[in-house]
Every structure is written in structure tokens, then in C-alpha cells.
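Enquirer: This is the content of protein_3.txt (compact mmCIF, C-alpha atoms):
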# COMPACT_ATOMS: atom_id res chain seq x y z
CA MET K 1194 70.08 97.91 129.09
CA TYR K 1195 68.78 100.95 127.26
CA SER K 1196 66.68 103.47 129.12
CA ASN K 1197 62.95 103.86 128.38
CA LYS K 1198 62.90 107.37 129.82
CA PRO K 1199 61.62 110.34 127.77
CA PHE K 1200 64.05 112.31 125.60
CA LEU K 1201 66.82 113.64 127.84
CA LYS K 1202 68.15 117.17 127.56
CA ILE K 1203 71.93 117.25 127.80
CA PRO K 1204 73.90 120.52 127.80
CA PRO K 1205 76.64 121.20 125.21
CA LEU K 1206 80.24 120.23 125.96
CA SER K 1207 82.16 123.05 127.58
CA ALA K 1208 85.67 123.79 126.38
CA ALA K 1209 87.11 121.97 129.40
CA GLU K 1210 84.82 118.97 128.89
CA TYR K 1211 85.68 118.76 125.19
CA ARG K 1212 89.38 118.79 126.05
CA ARG K 1213 88.96 116.04 128.65
CA TRP K 1214 87.08 113.74 126.26
CA ALA K 1215 89.44 114.49 123.36
CA ASP K 1216 92.45 113.76 125.57
CA LEU K 1217 90.91 110.45 126.63
CA LEU K 1218 90.46 109.36 123.02
CA GLU K 1219 94.01 110.37 122.15
CA HIS K 1220 95.44 108.58 125.20
CA ARG K 1221 93.51 105.33 124.81
CA LEU K 1222 93.18 105.08 121.04
CA GLY K 1223 95.61 107.60 119.56
CA ILE K 1224 92.69 109.18 117.70
CA ILE K 1225 92.78 112.95 117.28
CA VAL K 1226 89.51 114.91 117.49
CA PRO K 1227 90.40 118.52 116.59
CA GLU K 1228 88.36 121.37 118.02
CA GLN K 1229 86.58 121.92 114.70
CA ARG K 1230 85.07 118.44 115.19
CA LYS K 1231 83.80 119.24 118.69
CA LEU K 1232 80.16 118.96 117.52
CA PHE K 1233 80.86 115.49 116.13
CA LEU K 1234 82.33 114.39 119.45
CA GLN K 1235 79.47 116.00 121.37
CA SER K 1236 76.76 114.35 119.23
CA LYS K 1237 78.26 110.88 119.65
CA ILE K 1238 78.58 111.23 123.42
CA TRP K 1239 75.09 112.73 123.63
CA SER K 1240 73.46 109.88 121.74
CA ARG K 1241 75.05 107.23 123.93
CA MET K 1242 74.32 109.09 127.17
CA ARG K 1243 70.65 109.35 126.23
CA GLU K 1244 70.48 105.63 125.53
CA VAL K 1245 71.82 104.67 128.95
CA GLY K 1246 70.02 107.45 130.84
CA TYR K 1247 72.79 109.88 131.78
CA THR K 1248 72.31 113.66 131.73
CA GLU K 1249 75.63 114.78 133.24
CA TYR K 1250 79.00 114.34 131.61
CA ASP K 1251 80.77 113.86 134.94
CA ALA K 1252 78.51 110.98 135.92
CA TYR K 1253 78.93 109.27 132.54
CA TRP K 1254 82.69 109.88 132.65
CA ASN K 1255 82.90 108.22 136.07
CA PHE K 1256 80.84 105.29 134.77
CA ILE K 1257 83.05 104.50 131.76
CA ASN K 1258 86.17 104.79 133.90
CA SER K 1259 85.12 102.32 136.58
CA GLY K 1260 84.88 98.53 136.71
CA ILE K 1261 83.87 95.85 134.23
CA GLU K 1262 80.57 97.53 133.31
CA GLY K 1263 82.48 100.72 132.60
CA ASN K 1264 84.84 98.86 130.27
CA LEU K 1265 81.87 97.38 128.40
CA GLU K 1266 80.28 100.81 128.09
CA TRP K 1267 83.56 102.27 126.83
CA SER K 1268 83.49 99.66 124.08
CA GLN K 1269 80.01 100.82 123.07
CA LEU K 1270 81.09 104.47 123.03
CA VAL K 1271 84.19 103.67 120.97
CA ASP K 1272 81.90 102.05 118.41
CA ARG K 1273 80.07 105.39 118.07
CA LEU K 1274 83.25 107.45 117.87
CA THR K 1275 85.20 105.39 115.37
CA VAL K 1276 84.18 105.62 111.73
CA HIS K 1277 82.91 102.48 109.99
CA GLU K 1278 82.29 103.82 106.51
CA THR K 1279 83.40 100.81 104.53
CA SER K 1280 82.41 98.71 101.56
CA PHE K 1281 83.44 95.65 99.58
CA TYR K 1282 86.37 96.14 97.18
CA ARG K 1283 86.65 99.78 98.14
CA HIS K 1284 89.85 100.61 96.21
CA LYS K 1285 90.29 98.34 93.20
CA PRO K 1286 93.96 99.21 92.38
CA SER K 1287 95.01 98.13 95.88
CA PHE K 1288 93.11 94.85 95.59
CA ASP K 1289 94.69 94.30 92.17
CA LEU K 1290 98.10 94.74 93.78
CA VAL K 1291 97.36 92.09 96.41
CA SER K 1292 96.02 89.78 93.69
CA GLU K 1293 99.24 90.15 91.70
CA ASP K 1294 101.32 89.51 94.82
CA LEU K 1295 99.47 86.29 95.67
CA LYS K 1296 99.69 84.98 92.11
CA ASN K 1297 103.42 85.75 91.93
CA LYS K 1298 104.12 84.01 95.22
CA ILE K 1299 102.17 80.94 94.12
CA ASN K 1300 104.18 80.81 90.88
CA LYS K 1301 107.51 81.17 92.69
CA SER K 1302 106.72 78.72 95.48
CA THR K 1303 108.34 75.27 95.37
CA LYS K 1304 106.08 73.91 98.13
CA PRO K 1305 102.44 74.42 99.21
CA LEU K 1306 101.93 78.12 99.89
CA ARG K 1307 100.50 79.42 103.17
CA TYR K 1308 99.47 83.02 102.51
CA LYS K 1309 98.44 85.25 105.45
CA ILE K 1310 96.61 88.57 105.14
CA TRP K 1311 95.87 91.10 107.88
CA SER K 1312 93.04 93.59 107.38
CA VAL K 1313 93.89 96.36 109.84
CA SER K 1314 90.92 98.35 111.14
CA CYS K 1315 88.50 96.03 109.38
CA ALA K 1316 85.38 97.73 110.81
CA THR K 1317 82.39 95.47 110.08
CA GLY K 1318 84.40 93.09 107.89
CA GLU K 1319 83.71 94.06 104.28
CA GLU K 1320 87.37 94.70 103.48
CA ALA K 1321 88.53 91.45 105.11
CA TYR K 1322 85.92 89.36 103.28
CA SER K 1323 86.79 91.09 100.01
CA LEU K 1324 90.41 90.01 100.43
CA ALA K 1325 89.33 86.49 101.36
CA MET K 1326 86.99 85.99 98.38
CA MET K 1327 89.67 87.26 96.05
CA ALA K 1328 92.28 84.93 97.57
CA GLN K 1329 89.86 81.99 97.44
CA ASN K 1330 89.35 82.44 93.70
CA ILE K 1331 93.07 82.65 93.05
CA CYS K 1332 94.01 79.66 95.23
CA SER K 1333 91.21 77.43 93.90
CA GLU K 1334 92.15 78.17 90.29
CA SER K 1335 95.88 77.55 90.79
CA VAL K 1336 97.48 74.32 89.56
CA LYS K 1337 99.81 74.57 92.56
CA GLU K 1338 98.66 73.93 96.12
CA ALA K 1339 97.98 77.22 97.91
CA HIS K 1340 96.10 78.12 101.07
CA PHE K 1341 95.27 81.43 102.72
CA GLY K 1342 93.97 82.94 105.93
CA VAL K 1343 92.67 86.44 106.68
CA THR K 1344 92.85 88.17 110.05
CA GLY K 1345 90.62 91.19 110.60
CA THR K 1346 91.05 93.49 113.58
CA ASP K 1347 89.35 96.63 114.82
CA VAL K 1348 89.31 98.70 118.01
CA SER K 1349 85.50 98.38 118.18
CA SER K 1350 84.20 95.10 119.63
CA PRO K 1351 80.63 95.70 118.30
CA ALA K 1352 82.06 96.13 114.79
CA VAL K 1353 84.06 92.91 115.16
CA ALA K 1354 80.90 91.10 116.29
CA ILE K 1355 79.15 92.18 113.06
CA ALA K 1356 82.16 91.02 111.04
CA ASN K 1357 81.96 87.59 112.66
CA GLN K 1358 78.29 87.27 111.71
CA ALA K 1359 79.10 88.09 108.05
CA ILE K 1360 75.54 89.23 107.31
CA TYR K 1361 75.11 92.32 105.12
CA THR K 1362 72.44 94.27 103.29
CA LYS K 1363 71.96 93.72 99.55
CA ASP K 1364 72.93 97.29 98.68
CA LYS K 1365 76.53 96.37 99.53
CA LEU K 1366 76.63 93.95 96.59
CA SER K 1367 76.96 96.83 94.14
CA ASN K 1368 80.76 96.75 94.47
CA VAL K 1369 81.07 92.95 94.37
CA ASP K 1370 81.97 91.49 90.97
CA GLU K 1371 79.79 88.57 89.86
CA LYS K 1372 82.77 86.20 89.99
CA TYR K 1373 82.61 86.50 93.79
CA HIS K 1374 78.85 85.93 94.12
CA LYS K 1375 79.44 82.17 94.46
CA HIS K 1376 80.81 82.92 97.93
CA ILE K 1377 77.57 84.43 99.26
CA THR K 1378 74.09 83.14 100.09
CA GLU K 1379 70.97 85.29 99.83
CA LEU K 1380 68.99 85.25 103.05
CA SER K 1381 66.11 87.43 101.84
CA ASP K 1382 65.32 90.22 99.40
CA GLU K 1383 67.37 92.54 101.61
CA MET K 1384 70.15 90.48 103.21
CA PHE K 1385 72.97 88.10 102.29
CA VAL K 1386 75.61 86.15 104.22
CA ILE K 1387 79.16 85.09 103.40
CA LYS K 1388 79.39 81.31 102.93
CA ASP K 1389 81.09 79.05 105.47
CA HIS K 1390 83.97 78.01 103.20
CA ILE K 1391 85.11 81.66 103.33
CA LYS K 1392 84.23 82.25 106.99
CA LYS K 1393 86.38 79.33 108.12
CA ARG K 1394 89.39 81.12 106.62
CA MET K 1395 88.74 84.20 108.76
CA ALA K 1396 89.79 85.25 112.26
CA PHE K 1397 88.46 88.48 113.76
CA GLY K 1398 89.55 90.20 116.95
CA VAL K 1399 89.75 93.48 118.84
CA PHE K 1400 93.09 95.25 118.46
CA ASN K 1401 94.24 98.74 119.40
CA LEU K 1402 96.77 100.10 116.91
CA LEU K 1403 98.60 101.84 119.76
CA ASP K 1404 99.68 98.33 120.81
CA VAL K 1405 101.32 97.60 117.46
CA ASN K 1406 104.84 97.81 118.90
CA LYS K 1407 104.24 95.03 121.42
CA PRO K 1408 106.16 91.81 120.59
CA SER K 1409 104.40 89.31 118.34
CA ASN K 1410 105.42 86.09 116.59
CA ILE K 1411 102.73 86.47 113.93
CA LYS K 1412 103.96 87.32 110.43
CA TYR K 1413 101.85 88.24 107.40
CA ASP K 1414 102.39 88.24 103.66
CA VAL K 1415 100.09 91.25 103.28
CA ILE K 1416 99.08 93.95 105.75
CA TYR K 1417 96.19 95.96 104.35
CA CYS K 1418 95.90 99.22 106.29
CA GLN K 1419 93.63 101.75 104.61
CA ASN K 1420 91.29 104.51 105.81
CA VAL K 1421 92.50 104.49 109.40
CA LEU K 1422 95.81 106.40 109.60
CA MET K 1423 94.01 109.64 108.81
CA TYR K 1424 92.59 109.70 112.35
CA PHE K 1425 96.05 109.89 113.97
CA ASP K 1426 98.57 112.71 114.02
CA LYS K 1427 101.69 112.40 111.86
CA ALA K 1428 104.00 111.11 114.59
CA VAL K 1429 101.57 108.38 115.64
CA ARG K 1430 100.99 107.39 111.99
CA GLU K 1431 104.71 106.83 111.57
CA GLN K 1432 104.93 104.85 114.82
CA ILE K 1433 102.07 102.61 113.66
CA LEU K 1434 103.66 101.98 110.26
CA ASP K 1435 107.05 101.30 111.87
CA GLY K 1436 105.35 98.78 114.13
CA LEU K 1437 103.50 97.07 111.28
CA VAL K 1438 106.81 96.40 109.53
CA ASN K 1439 107.64 93.91 112.29
CA TYR K 1440 104.54 91.85 111.39
CA LEU K 1441 105.63 91.22 107.79
CA HIS K 1442 107.17 88.08 106.33
CA LYS K 1443 110.20 88.56 104.11
CA ASP K 1444 108.98 90.10 100.83
CA GLY K 1445 105.75 91.01 102.64
CA LEU K 1446 103.50 93.77 101.33
CA LEU K 1447 102.20 96.77 103.30
CA VAL K 1448 99.29 98.50 101.54
CA ILE K 1449 98.09 101.87 102.85
CA GLY K 1450 95.79 104.65 101.66
CA GLN K 1451 97.22 106.98 99.02
CA THR K 1452 96.48 110.19 100.91
CA GLU K 1453 96.99 109.03 104.49
CA ILE K 1454 100.68 109.83 104.95
CA ASN K 1455 103.43 111.70 103.11
CA ALA K 1456 107.15 111.00 103.05
CA TRP K 1457 107.15 107.91 105.29
CA ALA K 1458 110.28 105.82 104.80
CA HIS K 1459 111.73 102.79 106.53
CA LYS K 1460 115.16 101.22 106.01
CA LYS K 1461 113.65 97.74 105.70
CA MET K 1462 110.96 98.76 103.19
CA ALA K 1463 111.00 99.59 99.48
CA ARG K 1464 108.26 101.55 97.72
CA VAL K 1465 106.16 99.50 95.28
CA ASN K 1466 105.89 101.04 91.84
CA LYS K 1467 102.22 100.66 90.90
CA SER K 1468 100.01 103.53 89.82
CA ARG K 1469 97.12 104.68 92.05
CA THR K 1470 98.45 102.76 95.04
CA LEU K 1471 100.66 103.44 98.01
CA ALA K 1472 102.45 100.28 99.10
CA PHE K 1473 105.80 99.12 100.43
CA ARG K 1474 107.58 95.76 100.38
CA LEU K 1475 109.85 94.28 103.02
CA LYS K 1476 113.33 93.92 101.56
What would you get if you wrote out this structure as C-alpha cells?
Expert:
Amino acid sequence: MYSNKPFLKIPPLSAAEYRRWADLLEHRLGIIVPEQRKLFLQSKIWSRMREVGYTEYDAYWNFINSGIEGNLEWSQLVDRLTVHETSFYRHKPSFDLVSEDLKNKINKSTKPLRYKIWSVSCATGEEAYSLAMMAQNICSESVKEAHFGVTGTDVSSPAVAIANQAIYTKDKLSNVDEKYHKHITELSDEMFVIKDHIKKRMAFGVFNLLDVNKPSNIKYDVIYCQNVLMYFDKAVREQILDGLVNYLHKDGLLVIGQTEINAWAHKKMARVNKSRTLAFRLK
């Protein structure tokens, strides 16, 4: 429950306190907060401490590191510290690549296709729903039988809760082509919701990318991992990508952000030759 107390004055993070909080984020999430972003870290911790009525970093630290309530509070803080700047159809060339891949696999398939997509670090769901609406159009227009499912994961449970609701403000429609508007319902002059025939194809959950190397039997045709690797150092980025390879079906596609990593290579993966994209295919 949020505090109704007057505005609380909280002192700045000391160098030692900054290091302790930054180390916690790196240990639990793999996220790097360099010293030049100390004010960002401080402001996010401040805002949450004020909401729950804490004025001392030590007391708040002890709270988030103890018991079930502490775990729930940690989830709220993570939501403040992880970036959720996202939109529908954020990088068109990458979506075009996935579209081409799905169409090609439908054409080559000799039996009903089951196409699985994973939106990694899906934030509040716009990317995952973008992939789903695109796949729905392609599958429904195909003369061959084809089905799809989209999994969206994020480290923030509040963000995942928003994704499950699938309710967004109208300003987000600016990036949505009219051919996809049949998949939404206007709720008011300001809000819209994704329709149920798309929502039933979705599965959202909380997932920490540091756990990507744990065994899993799930395999995907496409892993869409953009705008998240930038928050990890180079070694962790490579570990995450190496782990994601194990989640791909044969001929599966791994799509990442163009500027998020340089010179990554994997013996099982081949670079996809498509301009303005950075993608790899499982051999």
C-alpha cells in the first residue's frame, strides 16, 4: 500500500550505496548501471522509496531482501529500473524479415504448420502483439493450413501484467498499419484493446535472461530479441545469445538489434543477408 505521508526527503546515494545497488542489479538481472547513470539509478530508487514510505536506503535494502513481501517489492522496483520504451512495429525491416520467414515456411511445408515466436523482453506487449497480428494476417490468407503462437517474456511482472490486459492508448496506433486494425477494438476516444482471437494465441510470463542457459524443451521458429542486449556488458550479451540458440528449431531465426552487439558468431548459426537487419539462422 502506498504511503499518504507528506513528501519525503531522501539523501543522495553515496558512492558506496551506488555500488551496492548497482552490484545487486548486475547480480540478479545482469543489467549494468555505469557510474555516469548514477542519477538515473538514484531517481528510480528515490521515487519508489517515497511511495512506500522509506527514507533510509539501508532500511529499504533490508526490506527488498527479506521474505515474500520483499520479493514483491523487488518486482516493483525492477519495473522502475528496467526500460519499457516500446511501440508497435518498432523496426519495420525486422518485421519484414519475420514475415518473409513465415511465408517461406508455409510454402515449403507439406503438413499443417505450427509456427512459434518468442518476443524476448516484451515489456508491455506491443512487440509481441505486433508479431501476432502480422502472423495472423499471413496464416489466415494462406491456402495452406498454418497456425502460430507468440510467447512474450519480461523480467518485470508489472509490465507482463499490462501485456496480458492488452489495453493501450490511442497514440500507439500511429505505427499500426490499417491492415491490422481489424484485430483491435476501440474502448473509448483514448483507449483500444487487442481482440480475443489474437490474445488467445499469446502467452506471457516473467523470465530473467540470466536464466537462458537453463535446460528447456521449448523450441521456437523465431526469437525476436531487440532493445535489451544493450543493458548488459559484452560477455553477458554473448552468453545470452549463445543460450538463445538452444531455443531455436532447425532453420530457426534469431533477430536482434542492429547496434546491440558486434562480431558475435556461433558455429551453429549463419548470418542472414538482409539490409537494415541483424539476424542469424540455425543451420
Enquirer: Within 7 Å of region 1354-1378 of chain K, which residues of region 1204-1285 of chain K show up? Give each one with its shortest atom-to-atom distance in Å (one decimal) and the two atoms involved, counting all atoms listed in the file, rows by chain then rising residue number, as a Markdown table.
Expert:
| residue | atom | partner | partner_atom | distance |
| --- | --- | --- | --- | --- |
| K:Ser1280 | CA | K:Lys1365 | CA | 6.6 |
| K:Phe1281 | CA | K:Asn1368 | CA | 5.9 |
| K:Tyr1282 | CA | K:Asn1368 | CA | 6.3 |
Enquirer: Restricted to C-alpha atoms, what would the selected residues look like written as a PDB file, keeping the file's coordinate frame?
Expert:
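What ended up in result.pdb:
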ATOM      1  CA  SER K1280      82.410  98.710 101.560  1.00  0.00           C
ATOM      2  CA  PHE K1281      83.440  95.650  99.580  1.00  0.00           C
ATOM      3  CA  TYR K1282      86.370  96.140  97.180  1.00  0.00           C
TER       4      TYR K1282
END
Enquirer: Please compute the CA of Asn1406 (chain K)-CA of Gln1451 (chain K) distance, one decimal, in Å.
Expert: 23.2 Å
Enquirer: Quick one: residues within 12 Å of Glu1453 (chain K), all atoms listed in the file counted, chain neighbours fewer than 4 positions away excluded, as a list in words?
Expert: Cys1418, Gln1419, Asn1420, Val1421, Leu1422, Met1423, Tyr1424, Phe1425, Asp1426, Lys1427, Arg1430, Glu1431, Leu1434, Val1448, Ile1449, Trp1457, Thr1470, Leu1471 and Ala1472 of chain K
Enquirer: So which one's closest to Arg1469 (chain K), K:Lys1407, K:Arg1212, K:His1284, K:Lys1309? Using all atoms listed in the file, please.
Expert: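 Smallest distance to Arg1469 (chain K) is found for K:His1284.
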Enquirer: Find, counting all atoms listed in the file, the residue in K:Trp1311, K:Tyr1440, K:Trp1214, K:Phe1341 that gets nearest to Ile1257 (chain K).
Expert: K:Trp1214
Enquirer: So how far away is CA of Asp1414 (chain K) from CA of Lys1476 (chain K), in Å?
Expert: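 So the two atoms, CA of Lys1476 (chain K) and CA of Asp1414 (chain K), lie 12.5 Å apart.
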Enquirer: I'd like the contact shell of Val1353 (chain K) - 8 Å cut-off, all atoms listed in the file, skipping same-chain residues fewer than 3 positions apart - returned as a PyMOL selection string.
Expert: chain K and resi 1315-1318+1346-1347+1349-1350+1356-1357+1397-1399
Enquirer: Excluding Gly1223 (chain K) and its own-chain neighbours fewer than 2 positions away, which residues fall within 9 Å of it when counting all atoms listed in the file? Please give them as JSON, numbers by chain.
Expert: {"K": [1217, 1218, 1219, 1220, 1221, 1225, 1401, 1402, 1403, 1424, 1425, 1426, 1429]}
Enquirer: Smallest atom-to-atom distance to Leu1437 (chain K): which of K:Arg1394, K:Lys1301, K:Arg1283, K:Lys1461, using all atoms listed in the file?
Expert: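 Between K:Arg1394, K:Lys1301, K:Arg1283, K:Lys1461, the residue approaching Leu1437 (chain K) most closely is K:Lys1461.
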Enquirer: Hey, what's within 12 Å of Arg1230 (chain K) if we count all atoms listed in the file and toss same-chain stuff fewer than 2 positions away? As a VMD selection string, please?
Expert: chain K and resid 1206 1211 to 1212 1215 1225 to 1228 1232 to 1237 1274 1424
Enquirer: Kindly give the distance, in Å, that separates CA of Met1395 (chain K) and CA of Val1343 (chain K), rounded to a single decimal.
Expert: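 We find that CA of Met1395 (chain K) and CA of Val1343 (chain K) lie 5.0 Å from each other.
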Enquirer: Counting only C-alpha atoms, select every polymer residue within 12 Å of (105.0, 85.8, 93.4) as defined in the file's coordinates, and provide the selection as a PDB file with C-alpha atoms, in the frame of the given file.
Expert:
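Final output, saved to selection_27.pdb:
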ATOM      1  CA  LEU K1290      98.100  94.740  93.780  1.00  0.00           C
ATOM      2  CA  VAL K1291      97.360  92.090  96.410  1.00  0.00           C
ATOM      3  CA  SER K1292      96.020  89.780  93.690  1.00  0.00           C
ATOM      4  CA  GLU K1293      99.240  90.150  91.700  1.00  0.00           C
ATOM      5  CA  ASP K1294     101.320  89.510  94.820  1.00  0.00           C
ATOM      6  CA  LEU K1295      99.470  86.290  95.670  1.00  0.00           C
ATOM      7  CA  LYS K1296      99.690  84.980  92.110  1.00  0.00           C
ATOM      8  CA  ASN K1297     103.420  85.750  91.930  1.00  0.00           C
ATOM      9  CA  LYS K1298     104.120  84.010  95.220  1.00  0.00           C
ATOM     10  CA  ILE K1299     102.170  80.940  94.120  1.00  0.00           C
ATOM     11  CA  ASN K1300     104.180  80.810  90.880  1.00  0.00           C
ATOM     12  CA  LYS K1301     107.510  81.170  92.690  1.00  0.00           C
ATOM     13  CA  SER K1302     106.720  78.720  95.480  1.00  0.00           C
ATOM     14  CA  THR K1303     108.340  75.270  95.370  1.00  0.00           C
ATOM     15  CA  LEU K1306     101.930  78.120  99.890  1.00  0.00           C
ATOM     16  CA  TYR K1308      99.470  83.020 102.510  1.00  0.00           C
ATOM     17  CA  ALA K1339      97.980  77.220  97.910  1.00  0.00           C
ATOM     18  CA  ASP K1414     102.390  88.240 103.660  1.00  0.00           C
ATOM     19  CA  ASP K1444     108.980  90.100 100.830  1.00  0.00           C
ATOM     20  CA  GLY K1445     105.750  91.010 102.640  1.00  0.00           C
ATOM     21  CA  LEU K1446     103.500  93.770 101.330  1.00  0.00           C
TER      22      LEU K1446
END
Enquirer: Looking at all atoms listed in the file, which of K:Leu1441, K:Leu1475, K:Ile1391, K:Met1242 is the one that sits closest to His1459 (chain K)?
Expert: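 Closest residue, counting all atoms listed in the file: K:Leu1475.
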Enquirer: When distances are computed from only C-alpha atoms, which of K:Val1245, K:Ile1203, K:Asp1216, K:His1442 shows the smallest separation from Gly1263 (chain K)?
Expert: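 The shortest atom-to-atom distance to Gly1263 (chain K) comes from K:Val1245.
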Enquirer: Can you pull out every residue within 7 Å of Ile1310 (chain K), counting all atoms listed in the file, but drop anything in the same chain fewer than 6 positions away, and send it as a VMD selection string?
Expert: chain K and resid 1342 to 1344 1413 to 1416
Enquirer: Could you complete region 1232-1252 of chain K so that it carries N, CA and C atoms, and give it back as a PDB file, keeping the file's coordinate frame?
Expert:
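Written file, result07.pdb:
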ATOM      1  N   LEU K1232      81.577 119.319 117.636  1.00  0.00           N
ATOM      2  CA  LEU K1232      80.160 118.960 117.520  1.00  0.00           C
ATOM      3  C   LEU K1232      79.981 117.490 117.203  1.00  0.00           C
ATOM      4  N   PHE K1233      80.894 116.929 116.398  1.00  0.00           N
ATOM      5  CA  PHE K1233      80.860 115.490 116.130  1.00  0.00           C
ATOM      6  C   PHE K1233      81.042 114.708 117.423  1.00  0.00           C
ATOM      7  N   LEU K1234      82.064 115.069 118.191  1.00  0.00           N
ATOM      8  CA  LEU K1234      82.330 114.390 119.450  1.00  0.00           C
ATOM      9  C   LEU K1234      81.136 114.530 120.396  1.00  0.00           C
ATOM     10  N   GLN K1235      80.610 115.733 120.487  1.00  0.00           N
ATOM     11  CA  GLN K1235      79.470 116.000 121.370  1.00  0.00           C
ATOM     12  C   GLN K1235      78.256 115.152 120.972  1.00  0.00           C
ATOM     13  N   SER K1236      77.955 115.086 119.677  1.00  0.00           N
ATOM     14  CA  SER K1236      76.760 114.350 119.230  1.00  0.00           C
ATOM     15  C   SER K1236      76.870 112.867 119.531  1.00  0.00           C
ATOM     16  N   LYS K1237      78.076 112.293 119.379  1.00  0.00           N
ATOM     17  CA  LYS K1237      78.260 110.880 119.650  1.00  0.00           C
ATOM     18  C   LYS K1237      78.124 110.566 121.135  1.00  0.00           C
ATOM     19  N   ILE K1238      78.705 111.430 121.967  1.00  0.00           N
ATOM     20  CA  ILE K1238      78.580 111.230 123.420  1.00  0.00           C
ATOM     21  C   ILE K1238      77.137 111.433 123.849  1.00  0.00           C
ATOM     22  N   TRP K1239      76.508 112.470 123.339  1.00  0.00           N
ATOM     23  CA  TRP K1239      75.090 112.730 123.630  1.00  0.00           C
ATOM     24  C   TRP K1239      74.226 111.502 123.359  1.00  0.00           C
ATOM     25  N   SER K1240      74.352 110.964 122.145  1.00  0.00           N
ATOM     26  CA  SER K1240      73.460 109.880 121.740  1.00  0.00           C
ATOM     27  C   SER K1240      73.606 108.677 122.653  1.00  0.00           C
ATOM     28  N   ARG K1241      74.844 108.385 123.046  1.00  0.00           N
ATOM     29  CA  ARG K1241      75.050 107.230 123.930  1.00  0.00           C
ATOM     30  C   ARG K1241      74.567 107.521 125.345  1.00  0.00           C
ATOM     31  N   MET K1242      74.795 108.728 125.834  1.00  0.00           N
ATOM     32  CA  MET K1242      74.320 109.090 127.170  1.00  0.00           C
ATOM     33  C   MET K1242      72.806 108.984 127.265  1.00  0.00           C
ATOM     34  N   ARG K1243      72.110 109.438 126.232  1.00  0.00           N
ATOM     35  CA  ARG K1243      70.650 109.350 126.230  1.00  0.00           C
ATOM     36  C   ARG K1243      70.186 107.897 126.280  1.00  0.00           C
ATOM     37  N   GLU K1244      70.879 107.028 125.558  1.00  0.00           N
ATOM     38  CA  GLU K1244      70.480 105.630 125.530  1.00  0.00           C
ATOM     39  C   GLU K1244      70.577 104.968 126.892  1.00  0.00           C
ATOM     40  N   VAL K1245      71.617 105.319 127.648  1.00  0.00           N
ATOM     41  CA  VAL K1245      71.820 104.670 128.950  1.00  0.00           C
ATOM     42  C   VAL K1245      71.307 105.518 130.111  1.00  0.00           C
ATOM     43  N   GLY K1246      70.725 106.685 129.820  1.00  0.00           N
ATOM     44  CA  GLY K1246      70.020 107.450 130.840  1.00  0.00           C
ATOM     45  C   GLY K1246      70.832 108.449 131.625  1.00  0.00           C
ATOM     46  N   TYR K1247      71.967 108.885 131.082  1.00  0.00           N
ATOM     47  CA  TYR K1247      72.790 109.880 131.780  1.00  0.00           C
ATOM     48  C   TYR K1247      72.499 111.276 131.237  1.00  0.00           C
ATOM     49  N   THR K1248      72.516 112.261 132.140  1.00  0.00           N
ATOM     50  CA  THR K1248      72.310 113.660 131.730  1.00  0.00           C
ATOM     51  C   THR K1248      73.513 114.530 132.075  1.00  0.00           C
ATOM     52  N   GLU K1249      74.457 114.006 132.831  1.00  0.00           N
ATOM     53  CA  GLU K1249      75.630 114.780 133.240  1.00  0.00           C
ATOM     54  C   GLU K1249      76.906 114.105 132.744  1.00  0.00           C
ATOM     55  N   TYR K1250      77.755 114.889 132.144  1.00  0.00           N
ATOM     56  CA  TYR K1250      79.000 114.340 131.610  1.00  0.00           C
ATOM     57  C   TYR K1250      79.871 113.723 132.689  1.00  0.00           C
ATOM     58  N   ASP K1251      79.930 114.376 133.860  1.00  0.00           N
ATOM     59  CA  ASP K1251      80.770 113.860 134.940  1.00  0.00           C
ATOM     60  C   ASP K1251      80.326 112.468 135.376  1.00  0.00           C
ATOM     61  N   ALA K1252      79.025 112.282 135.488  1.00  0.00           N
ATOM     62  CA  ALA K1252      78.510 110.980 135.920  1.00  0.00           C
ATOM     63  C   ALA K1252      78.817 109.904 134.878  1.00  0.00           C
TER      64      ALA K1252
END
